[in-house]
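The data block below is start_22.csv; it holds CSV, C-alpha atoms.
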```csv
chain,number,residue,atom,x,y,z
A,1,MET,CA,0.0,0.0,0.0
A,2,ARG,CA,1.5,3.3,-1.1
A,3,VAL,CA,0.9,6.0,1.6
A,4,LEU,CA,1.6,9.7,1.2
A,5,LEU,CA,2.0,11.3,4.6
A,6,LEU,CA,1.7,15.1,5.0
A,7,GLY,CA,3.2,16.7,8.1
A,8,ALA,CA,5.5,13.8,9.0
A,9,ASN,CA,7.7,16.0,11.1
A,10,GLY,CA,4.9,17.4,13.4
A,11,TYR,CA,4.0,16.2,16.8
A,12,LEU,CA,1.4,13.7,15.7
A,13,GLY,CA,3.0,13.1,12.2
A,14,ARG,CA,6.2,11.7,13.7
A,15,PHE,CA,4.4,8.9,15.5
A,16,VAL,CA,2.1,8.2,12.5
A,17,ALA,CA,5.2,7.8,10.4
A,18,ASP,CA,6.8,5.4,12.9
A,19,ARG,CA,3.6,3.3,13.0
A,20,LEU,CA,3.4,3.2,9.2
A,21,LEU,CA,7.1,2.3,8.8
A,22,ALA,CA,6.5,-0.6,11.2
A,23,ASP,CA,4.0,-2.1,8.7
A,24,PRO,CA,5.9,-4.0,6.0
A,25,ALA,CA,2.9,-3.7,3.7
A,26,VAL,CA,3.2,0.1,3.6
A,27,GLN,CA,5.4,2.0,1.2
A,28,LEU,CA,5.7,5.5,2.8
A,29,THR,CA,6.5,8.8,1.2
A,30,ALA,CA,6.7,11.9,3.4
A,31,LEU,CA,5.8,15.4,2.0
A,32,GLY,CA,6.5,18.5,3.9
A,33,ARG,CA,8.3,21.8,4.2
A,34,GLY,CA,11.4,20.5,6.0
A,35,ASP,CA,14.7,19.4,4.4
A,36,ASP,CA,14.3,15.8,5.7
A,37,ALA,CA,11.0,15.3,3.9
A,38,ASP,CA,11.1,13.0,0.9
A,39,VAL,CA,9.5,15.7,-1.1
A,40,ARG,CA,9.5,19.4,-0.2
A,41,PHE,CA,6.1,21.1,-0.7
A,42,ASP,CA,4.4,23.9,1.2
A,43,LEU,CA,0.7,23.0,1.3
A,44,ALA,CA,-0.3,26.6,2.4
A,45,GLY,CA,1.5,28.2,-0.5
A,46,GLY,CA,1.8,25.6,-3.2
A,47,SER,CA,-0.7,25.2,-6.0
A,48,PRO,CA,-3.2,22.3,-6.3
A,49,GLY,CA,-1.9,21.7,-9.9
A,50,ALA,CA,1.7,21.1,-8.6
A,51,LEU,CA,0.4,18.7,-6.0
A,52,THR,CA,-1.8,16.9,-8.5
A,53,ARG,CA,1.2,16.2,-10.7
A,54,PHE,CA,3.0,14.7,-7.8
A,55,LEU,CA,0.0,12.6,-6.9
A,56,ASP,CA,-0.2,11.3,-10.4
A,57,ALA,CA,3.5,10.4,-10.3
A,58,VAL,CA,3.5,8.6,-6.9
A,59,HIS,CA,-0.1,7.3,-7.2
A,60,PRO,CA,-0.7,6.7,-3.5
A,61,GLY,CA,-3.6,4.6,-2.3
A,62,VAL,CA,-3.9,6.7,0.9
A,63,VAL,CA,-3.1,10.3,1.7
A,64,ILE,CA,-2.8,11.1,5.4
A,65,ASN,CA,-2.8,14.8,6.4
A,66,CYS,CA,-1.2,15.5,9.8
A,67,ALA,CA,0.0,19.0,8.7
A,68,GLY,CA,-1.2,22.1,10.4
A,69,THR,CA,-0.4,24.5,13.2
A,70,THR,CA,-1.8,25.3,16.6
A,71,ARG,CA,-0.2,28.7,17.0
A,72,GLY,CA,-0.5,32.1,15.4
A,73,GLY,CA,-3.1,34.6,14.5
A,74,ALA,CA,-6.3,33.9,12.6
A,75,ARG,CA,-4.5,34.5,9.2
A,76,GLU,CA,-1.7,32.1,10.0
A,77,LEU,CA,-4.1,29.4,11.3
A,78,THR,CA,-6.3,29.8,8.3
A,79,ARG,CA,-3.4,29.4,5.8
A,80,HIS,CA,-2.0,26.3,7.4
A,81,ASN,CA,-5.1,24.6,8.7
A,82,THR,CA,-7.8,25.5,6.1
A,83,VAL,CA,-6.2,26.7,2.9
A,84,ALA,CA,-3.7,23.8,3.0
A,85,VAL,CA,-6.5,21.3,3.2
A,86,ALA,CA,-8.4,23.0,0.4
A,87,THR,CA,-5.2,22.5,-1.7
A,88,VAL,CA,-5.1,18.8,-0.8
A,89,CYS,CA,-8.7,18.2,-1.6
A,90,GLU,CA,-8.6,20.0,-4.9
A,91,ALA,CA,-5.4,18.1,-5.9
A,92,LEU,CA,-7.0,14.8,-5.0
A,93,ARG,CA,-10.1,15.7,-7.1
A,94,ARG,CA,-8.0,16.5,-10.1
A,95,SER,CA,-5.7,13.5,-9.7
A,96,GLY,CA,-6.4,10.1,-11.2
A,97,CYS,CA,-4.9,8.3,-8.2
A,98,GLY,CA,-8.2,7.8,-6.5
A,99,ALA,CA,-6.5,7.9,-3.0
A,100,ARG,CA,-8.4,7.7,0.2
A,101,LEU,CA,-7.9,10.8,2.5
A,102,VAL,CA,-7.4,10.5,6.2
A,103,GLN,CA,-7.5,14.0,7.7
A,104,LEU,CA,-6.6,14.8,11.3
A,105,GLY,CA,-9.0,17.1,12.9
A,106,CYS,CA,-9.2,18.1,16.6
A,107,SER,CA,-11.7,18.4,19.5
A,108,ALA,CA,-11.4,22.2,19.4
A,109,GLU,CA,-13.8,22.0,16.5
A,110,TYR,CA,-16.6,21.1,19.0
A,111,GLY,CA,-15.9,23.9,21.4
A,112,PRO,CA,-17.2,23.8,25.0
A,113,SER,CA,-19.2,20.8,26.1
A,114,GLN,CA,-21.8,20.4,28.9
A,115,PRO,CA,-19.9,19.2,32.1
A,116,GLY,CA,-20.4,15.5,32.6
A,117,SER,CA,-21.3,14.8,29.0
A,118,SER,CA,-19.6,12.8,26.3
A,119,THR,CA,-19.4,14.5,22.9
A,120,ALA,CA,-20.4,12.3,20.0
A,121,GLU,CA,-19.7,13.0,16.3
A,122,ASP,CA,-23.2,14.3,15.6
A,123,ALA,CA,-22.8,17.1,18.1
A,124,VAL,CA,-23.2,20.6,16.6
A,125,PRO,CA,-19.7,22.2,16.4
A,126,ARG,CA,-19.3,25.5,18.2
A,127,PRO,CA,-15.6,26.3,18.2
A,128,GLY,CA,-14.7,28.9,20.8
A,129,GLY,CA,-11.6,30.3,19.1
A,130,PRO,CA,-9.8,30.8,15.8
A,131,TYR,CA,-7.9,27.6,16.0
A,132,GLY,CA,-11.1,25.5,16.3
A,133,VAL,CA,-12.7,27.6,13.5
A,134,SER,CA,-9.8,26.9,11.1
A,135,LYS,CA,-9.9,23.2,11.8
A,136,LEU,CA,-13.7,23.0,11.5
A,137,ALA,CA,-13.5,24.7,8.2
A,138,ALA,CA,-11.0,22.1,7.0
A,139,THR,CA,-13.2,19.3,8.2
A,140,GLU,CA,-16.2,20.8,6.2
A,141,LEU,CA,-14.0,21.1,3.1
A,142,VAL,CA,-13.0,17.4,3.4
A,143,LEU,CA,-16.6,16.2,4.1
A,144,GLY,CA,-17.9,18.2,1.1
A,145,SER,CA,-15.2,17.2,-1.3
A,146,GLY,CA,-16.8,14.0,-2.6
A,147,LEU,CA,-13.6,12.1,-1.8
A,148,ASP,CA,-13.3,8.8,-0.1
A,149,ALA,CA,-12.3,10.5,3.2
A,150,VAL,CA,-12.5,10.3,7.0
A,151,VAL,CA,-11.7,13.0,9.6
A,152,LEU,CA,-10.3,11.8,12.9
A,153,ARG,CA,-11.2,14.4,15.6
A,154,VAL,CA,-8.3,13.9,18.0
A,155,PHE,CA,-9.0,15.1,21.6
A,156,SER,CA,-6.0,16.1,23.8
A,157,PRO,CA,-2.9,14.3,22.7
A,158,ALA,CA,-0.3,13.4,25.4
A,159,GLY,CA,2.8,11.3,25.7
A,160,PRO,CA,6.4,11.5,24.4
A,161,GLY,CA,7.1,14.6,22.4
A,162,THR,CA,4.4,16.6,24.1
A,163,PRO,CA,5.0,20.3,23.2
A,164,ALA,CA,6.4,22.4,26.1
A,165,GLY,CA,3.6,24.9,25.4
A,166,SER,CA,0.8,22.4,26.0
A,167,PRO,CA,-0.9,22.1,29.4
A,168,LEU,CA,0.9,18.9,30.3
A,169,GLY,CA,4.1,20.2,28.8
A,170,ARG,CA,3.9,23.3,31.0
A,171,LEU,CA,3.2,21.2,34.1
A,172,ALA,CA,6.3,19.0,33.5
A,173,GLU,CA,8.5,22.1,32.8
A,174,ALA,CA,7.3,23.8,36.0
A,175,MET,CA,8.0,20.7,38.0
A,176,ARG,CA,11.4,20.3,36.5
A,177,ARG,CA,12.4,23.8,37.4
A,178,ALA,CA,11.1,23.4,41.0
A,179,MET,CA,13.2,20.2,41.4
A,180,GLN,CA,16.2,21.8,39.8
A,181,SER,CA,16.1,24.8,42.2
A,182,GLY,CA,15.1,22.7,45.2
A,183,ASP,CA,11.9,24.5,45.6
A,184,GLY,CA,9.6,22.7,48.1
A,185,GLU,CA,6.5,24.5,46.9
A,186,LEU,CA,5.0,24.6,43.4
A,187,LYS,CA,2.2,27.0,42.6
A,188,LEU,CA,0.1,26.2,39.5
A,189,SER,CA,-2.9,27.8,37.9
A,190,GLY,CA,-5.6,26.8,35.5
A,191,LEU,CA,-5.9,23.2,36.9
A,192,GLY,CA,-9.7,23.2,37.0
A,193,VAL,CA,-9.9,22.3,33.3
A,194,GLN,CA,-11.0,18.7,32.5
A,195,ARG,CA,-9.8,17.2,29.2
A,196,ASP,CA,-9.9,13.8,27.4
A,197,PHE,CA,-6.2,12.9,27.1
A,198,ILE,CA,-5.1,10.3,24.5
A,199,ASP,CA,-1.6,9.0,24.0
A,200,VAL,CA,0.0,10.0,20.7
A,201,ARG,CA,0.9,6.4,20.0
A,202,ASP,CA,-2.8,5.4,20.3
A,203,VAL,CA,-3.6,8.3,17.9
A,204,ALA,CA,-1.0,6.8,15.4
A,205,ARG,CA,-2.7,3.4,15.7
A,206,ALA,CA,-6.1,5.0,15.0
A,207,VAL,CA,-4.7,6.7,11.9
A,208,HIS,CA,-3.3,3.4,10.7
A,209,ALA,CA,-6.6,1.7,11.3
A,210,ALA,CA,-8.5,4.5,9.5
A,211,SER,CA,-6.2,4.2,6.4
A,212,LEU,CA,-7.2,0.5,6.1
A,213,SER,CA,-10.9,0.9,6.9
A,214,ALA,CA,-13.9,2.0,4.8
A,215,ALA,CA,-15.1,4.5,7.4
A,216,GLN,CA,-16.1,7.9,6.2
A,217,GLY,CA,-17.3,11.1,7.9
A,218,VAL,CA,-16.0,12.1,11.4
A,219,VAL,CA,-14.6,9.7,14.0
A,220,ASN,CA,-13.6,10.8,17.5
A,221,ILE,CA,-10.3,9.7,18.9
A,222,GLY,CA,-10.0,10.0,22.6
A,223,SER,CA,-9.8,7.9,25.8
A,224,GLY,CA,-13.5,8.4,26.6
A,225,ARG,CA,-12.7,9.8,30.0
A,226,ALA,CA,-12.2,13.4,31.2
A,227,VAL,CA,-9.4,14.0,33.6
A,228,ARG,CA,-9.0,17.1,35.7
A,229,LEU,CA,-5.6,18.8,35.1
A,230,ARG,CA,-5.0,19.0,38.9
A,231,ASP,CA,-5.2,15.2,39.1
A,232,ALA,CA,-2.7,14.9,36.2
A,233,ALA,CA,-0.4,17.3,38.2
A,234,ALA,CA,-0.6,15.1,41.3
A,235,VAL,CA,0.3,11.9,39.3
A,236,LEU,CA,3.1,13.7,37.5
A,237,ALA,CA,4.5,14.7,40.9
A,238,ARG,CA,4.4,11.1,42.0
A,239,VAL,CA,6.0,9.9,38.8
A,240,ALA,CA,8.7,12.6,39.0
A,241,GLY,CA,9.4,11.9,42.7
A,242,TYR,CA,8.6,15.5,43.6
A,243,GLY,CA,7.9,15.7,47.3
A,244,GLY,CA,7.0,19.3,47.5
A,245,ALA,CA,3.6,20.8,48.1
A,246,LEU,CA,1.4,21.6,45.1
A,247,HIS,CA,-0.7,24.7,45.5
A,248,GLU,CA,-3.4,25.5,43.0
A,249,LEU,CA,-3.7,29.2,42.6
A,250,ASP,CA,-7.3,28.7,41.5
A,251,GLY,CA,-8.1,27.1,44.8
A,252,GLY,CA,-9.0,23.6,45.8
A,253,PRO,CA,-6.7,20.8,46.9
A,254,VAL,CA,-4.6,18.7,44.5
A,255,ARG,CA,-5.8,15.1,44.8
A,256,PRO,CA,-3.4,12.2,44.8
A,257,SER,CA,-4.5,10.1,41.8
A,258,ILE,CA,-6.1,10.3,38.4
A,259,GLY,CA,-8.5,7.5,39.3
A,260,HIS,CA,-10.0,9.4,42.3
A,261,PRO,CA,-13.8,9.2,42.1
A,262,ARG,CA,-15.5,12.5,41.1
A,263,THR,CA,-18.3,14.0,43.1
A,264,ASP,CA,-21.1,16.0,41.6
A,265,ALA,CA,-19.3,19.1,42.9
A,266,ASP,CA,-16.2,18.1,40.9
A,267,ILE,CA,-18.1,17.8,37.6
A,268,ALA,CA,-20.2,20.9,38.0
A,269,GLY,CA,-17.4,23.1,39.4
A,270,PRO,CA,-17.2,26.6,37.9
A,271,ALA,CA,-14.7,27.5,35.2
A,272,VAL,CA,-12.0,29.6,36.9
A,273,HIS,CA,-9.5,30.0,34.2
A,274,PRO,CA,-9.6,31.2,30.6
A,275,TYR,CA,-9.0,28.3,28.2
A,276,PRO,CA,-7.0,29.3,25.1
A,277,ASP,CA,-8.2,26.2,23.1
A,278,GLY,CA,-11.7,27.6,23.3
A,279,CYS,CA,-13.1,24.4,24.8
A,280,GLY,CA,-14.2,25.7,28.2
A,281,GLY,CA,-13.8,23.7,31.3
A,282,TRP,CA,-14.9,20.2,30.1
A,283,GLN,CA,-14.3,17.9,27.2
A,284,GLN,CA,-14.9,14.1,27.0
A,285,ALA,CA,-15.1,12.1,23.8
A,286,ASP,CA,-17.7,9.5,22.9
A,287,VAL,CA,-15.5,6.9,21.3
A,288,ARG,CA,-18.0,4.3,20.3
A,289,THR,CA,-17.7,5.1,16.6
A,290,ALA,CA,-13.9,4.5,16.6
A,291,ARG,CA,-14.5,1.1,18.3
A,292,ASP,CA,-17.3,0.0,15.9
A,293,ARG,CA,-16.0,1.3,12.6
A,294,LEU,CA,-12.2,1.2,13.1
A,295,GLY,CA,-11.9,-1.7,15.5
A,296,TRP,CA,-9.8,0.7,17.7
A,297,ARG,CA,-9.5,1.2,21.4
A,298,PRO,CA,-7.0,3.2,23.4
A,299,ARG,CA,-4.3,1.0,25.0
A,300,ILE,CA,-2.0,3.4,26.8
A,301,ASN,CA,-3.2,4.9,30.1
A,302,LEU,CA,-2.5,8.5,31.1
A,303,GLU,CA,0.0,7.5,33.9
A,304,GLU,CA,2.2,6.0,31.2
A,305,SER,CA,1.9,9.0,29.0
A,306,LEU,CA,2.8,11.3,32.0
A,307,ALA,CA,5.8,9.1,32.8
A,308,ASP,CA,7.1,9.5,29.2
A,309,ILE,CA,6.5,13.3,29.4
A,310,TRP,CA,8.5,13.5,32.6
A,311,MET,CA,11.3,11.3,31.2
A,312,GLU,CA,11.8,13.9,28.5
A,313,ALA,CA,11.5,16.8,30.9
A,314,ALA,CA,14.0,15.2,33.3
A,315,CYS,CA,16.6,15.0,30.6
A,316,ARG,CA,16.8,18.8,30.7
A,317,ILE,CA,17.7,19.0,34.4
```
Before we go any further, please render this structure as structure tokens.
Amino acid sequence: MRVLLLGANGYLGRFVADRLLADPAVQLTALGRGDDADVRFDLAGGSPGALTRFLDAVHPGVVINCAGTTRGGARELTRHNTVAVATVCEALRRSGCGARLVQLGCSAEYGPSQPGSSTAEDAVPRPGGPYGVSKLAATELVLGSGLDAVVLRVFSPAGPGTPAGSPLGRLAEAMRRAMQSGDGELKLSGLGVQRDFIDVRDVARAVHAASLSAAQGVVNIGSGRAVRLRDAAAVLARVAGYGGALHELDGGPVRPSIGHPRTDADIAGPAVHPYPDGCGGWQQADVRTARDRLGWRPRINLEESLADIWMEAACRI
């Protein structure tokens, strides 16, 4: 199976590439802006015609798009998350390769969810910021393209390679600095948010499964369980061996484990911190579609993901 991977050097793309390279039946070609890509091409600035000629030459059976950006203003987000996908869709329509498209979307397309609820694929998207809007526009382009295509809406990825600017990346970096300086007290803010964390290696497995499946439309990829960030902080402290006190600037004690049972007060607690992803205080995926149509279930628990995040952070001490 010939697979063309877009965005192979990104956070998710690297793990998708590793997963595909482990499959002896896959012949992988990576296209991107970096020097280490098999083919250099800027999706945000390149023409559909140029990409069509490349598709006709390589003739892939599957195109996987992991390219995009999470940072920048509305113009930058639109170029890299929306215009780039329009280029891919138009090139695939013009090409004679007939490739299947696997597009990576994200949970920010849904926007805020009702606390305690699980968001299914038929939920009405209400993105709360420019990033979610740019990704939702890309999803609509894919779904309206007439191509054989599936969009995987990835919830909050975690695990090795987690960007330092992400919530879990910031937690690990703050803890590393506290341990390096011998600080016995760590003050953290914004820990009231509850997110559905999914390991990047499980995301890569889902992409692989989607490329082999006949599933179309939108499929959620998450753990199916919301975790409060303060619980993740407590587990990260245990994994790191940090014996200092954790103080939440937003108020409320830091509990000792991710598996701690939630009370009604936990679920319905007020949002006390602005959430840059536009998703409010709560997100939790309904992952039944991924199970039924992709034969996929998450395998890696959050504690293992946090241990890998800490291992990388600790190397910087």
**Message:** What's around Leu294 in chain A at 8 Å? Count only C-alpha atoms, leave out sequence neighbours fewer than 6 positions away in its own chain, and write the answer as a PyMOL selection string.
**Reply:** chain A and resi 206+209-210+213+215
Need the shell around range 193-196 of chain A: protein/DNA/RNA residues with any atom at most 8 Å away, counting only C-alpha atoms. Skip same-chain ones fewer than 6 positions apart. Format as a PDB file with C-alpha atoms, in the frame of the given file?
```pdb
ATOM      1  CA  PHE A 155      -9.000  15.100  21.600  1.00  0.00           C
ATOM      2  CA  SER A 156      -6.000  16.100  23.800  1.00  0.00           C
ATOM      3  CA  GLY A 222     -10.000  10.000  22.600  1.00  0.00           C
ATOM      4  CA  SER A 223      -9.800   7.900  25.800  1.00  0.00           C
ATOM      5  CA  GLY A 224     -13.500   8.400  26.600  1.00  0.00           C
ATOM      6  CA  ARG A 225     -12.700   9.800  30.000  1.00  0.00           C
ATOM      7  CA  ALA A 226     -12.200  13.400  31.200  1.00  0.00           C
ATOM      8  CA  VAL A 227      -9.400  14.000  33.600  1.00  0.00           C
ATOM      9  CA  ARG A 228      -9.000  17.100  35.700  1.00  0.00           C
ATOM     10  CA  LEU A 229      -5.600  18.800  35.100  1.00  0.00           C
ATOM     11  CA  ALA A 271     -14.700  27.500  35.200  1.00  0.00           C
ATOM     12  CA  HIS A 273      -9.500  30.000  34.200  1.00  0.00           C
ATOM     13  CA  TYR A 275      -9.000  28.300  28.200  1.00  0.00           C
ATOM     14  CA  GLY A 280     -14.200  25.700  28.200  1.00  0.00           C
ATOM     15  CA  GLY A 281     -13.800  23.700  31.300  1.00  0.00           C
ATOM     16  CA  TRP A 282     -14.900  20.200  30.100  1.00  0.00           C
ATOM     17  CA  GLN A 283     -14.300  17.900  27.200  1.00  0.00           C
ATOM     18  CA  GLN A 284     -14.900  14.100  27.000  1.00  0.00           C
ATOM     19  CA  ALA A 285     -15.100  12.100  23.800  1.00  0.00           C
TER      20      ALA A 285
END
```
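The two atoms in question, CA of Leu101 in chain A and CA of Val63 in chain A, are spaced 4.9 Å apart.
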Separating CA of Arg33 in chain A from CA of Gln216 in chain A, to the nearest tenth of an Å, is a gap of 28.2 Å
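CA of Ala138 in chain A is positioned 16.6 Å from CA of Asp42 in chain A.
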Measuring atom to atom with all atoms listed in the file, identify which of A:Ala178, A:Ala91, A:Val83, A:Cys66 is nearest to Gly49 in chain A.
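The shortest atom-to-atom distance to Gly49 in chain A comes from A:Ala91.
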Identify the residues within 10 Å of coordinate (-7.1, 7.0, 19.7) (same frame as the file), considering only C-alpha atoms, and give the answer as a ChimeraX atom specification.
/A:152-155,157,197-207,209,219-224,287,290-291,296-300
| field | Gly243 in chain A environment, 12 Å, all atoms listed in the file, sequence neighbours closer than 4 positions dropped, as a count of residues only | value | 14
